[in-house]
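For reference, the structure is listed below as structure tokens.
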Amino acid sequence: MKTIINLLAGIIFLLNTSFANEMNYKLNATNITFTSEKTLEFDIYLMSAGESKEEFRYALGQYFLDVNPKFANEGTLSYSIVRSELPESMKPGSISVWGNQLRLSVNQINSDSKSYPVIPSSKPGLLIARMKLETSADIFSKENFDLKWSADENNFKTKIVAFKEDKMIEVTDIRNHYMDLDNNANGTTENSSEIPTEFSLAQNYPNPFNPVTNLEFGISNLEFVSLKVYDITGKEVMTLVNETKPAGRYLVKFDGSNLGSGVYFYKITAGNFSAVKRMFLIK
């Protein structure tokens, strides 16, 4: 009952908070990591992204994300917080799954505004929460996770409230809500308007894996891109990308079903950029 009261109080408060998009921010769901065949974790970060030097503090928020309903593999999804950088009294107090919607609803309203954490302008930002998602089935399905911010035009949508100059300001702007993964696993992984400023190759996830893992890379300008996988002896076992790509962030799935357990390396070459990382296939 207490949880329900906190949720309702928070929603009512949000509805009565002044509306003014005075703060440019970036809300990012990122670092999705499969911790087992039936559990995964991801981070929710909030970062100030404007040119203004004014200080904004985090007051409260509610966070709603949708997942592919088939991803639970006919099991029941459970949702919980692993950790948060918010003060204990400000951590979200209502966490649930409703259908295919993940709900992280509002923290209690703290009367001590001096305890509100500053929303940083440096990456990755303020960790609202690292979330854990689990299915009661033995394993997640092979369907795409397809995590995305909910777009419902009602109270059950993501809202952000900041504190500035002794007043609460709702700064919600869905254009500032990002995913660090391409839900279809075949294209730009962040908002298409955000182009990487440098070339990069991320560590694969999950790692170790069996038999599928994800490889992410970013390119800052039009280049011919080669992404290949090698075994421990240096023998090429698979070519994943071998074409000209425009600037952007990309996610490629690597399926090691036809390979044996062991250490493998993946190498990217794009213009003058080259990088190699190691991954582990365990069967």
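Identifiers in the structure tokens: chain A, B, ... in order shown; residue index from 1 per chain; ligand index from 1 in order shown.
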Could you go through region 118-245 of chain A and tell me which residues DSSP, when run on the backbone, assigns to strand (DSSP E), listing them as an MDAnalysis selection string?
chainID A and resid 126:135 148:149 159:164 167:170 177:179 200:201 212:219 223:230 236:245
Contacts of region 199-210 of chain A at 10 Å or less, counting only C-alpha atoms, minus same-chain residues fewer than 3 places along, as number ranges by chain?
A: 31-37, 40, 196, 213-221, 227, 247-257, 261-263, 266-283
Considering only C-alpha atoms, state which residue in the set A:Ser150, A:Asn176, A:Gln62, A:Ser122 is at the smallest distance from Gly93 (chain A).
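Residue with the minimum atom-to-atom distance to Gly93 (chain A): A:Gln62.
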Which of A:Lys148, A:Val241, A:Tyr58, A:Met23 sits closest to Ser226 (chain A) [using only C-alpha atoms]
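Going through A:Lys148, A:Val241, A:Tyr58, A:Met23 one by one, the smallest distance to Ser226 (chain A) is for A:Val241.
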With distances taken over only C-alpha atoms, which of A:Ala129, A:Ala49, A:Met168, A:Ile232 is nearest to Ser80 (chain A)?
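For Ser80 (chain A), the nearest of the candidates is A:Ala129.
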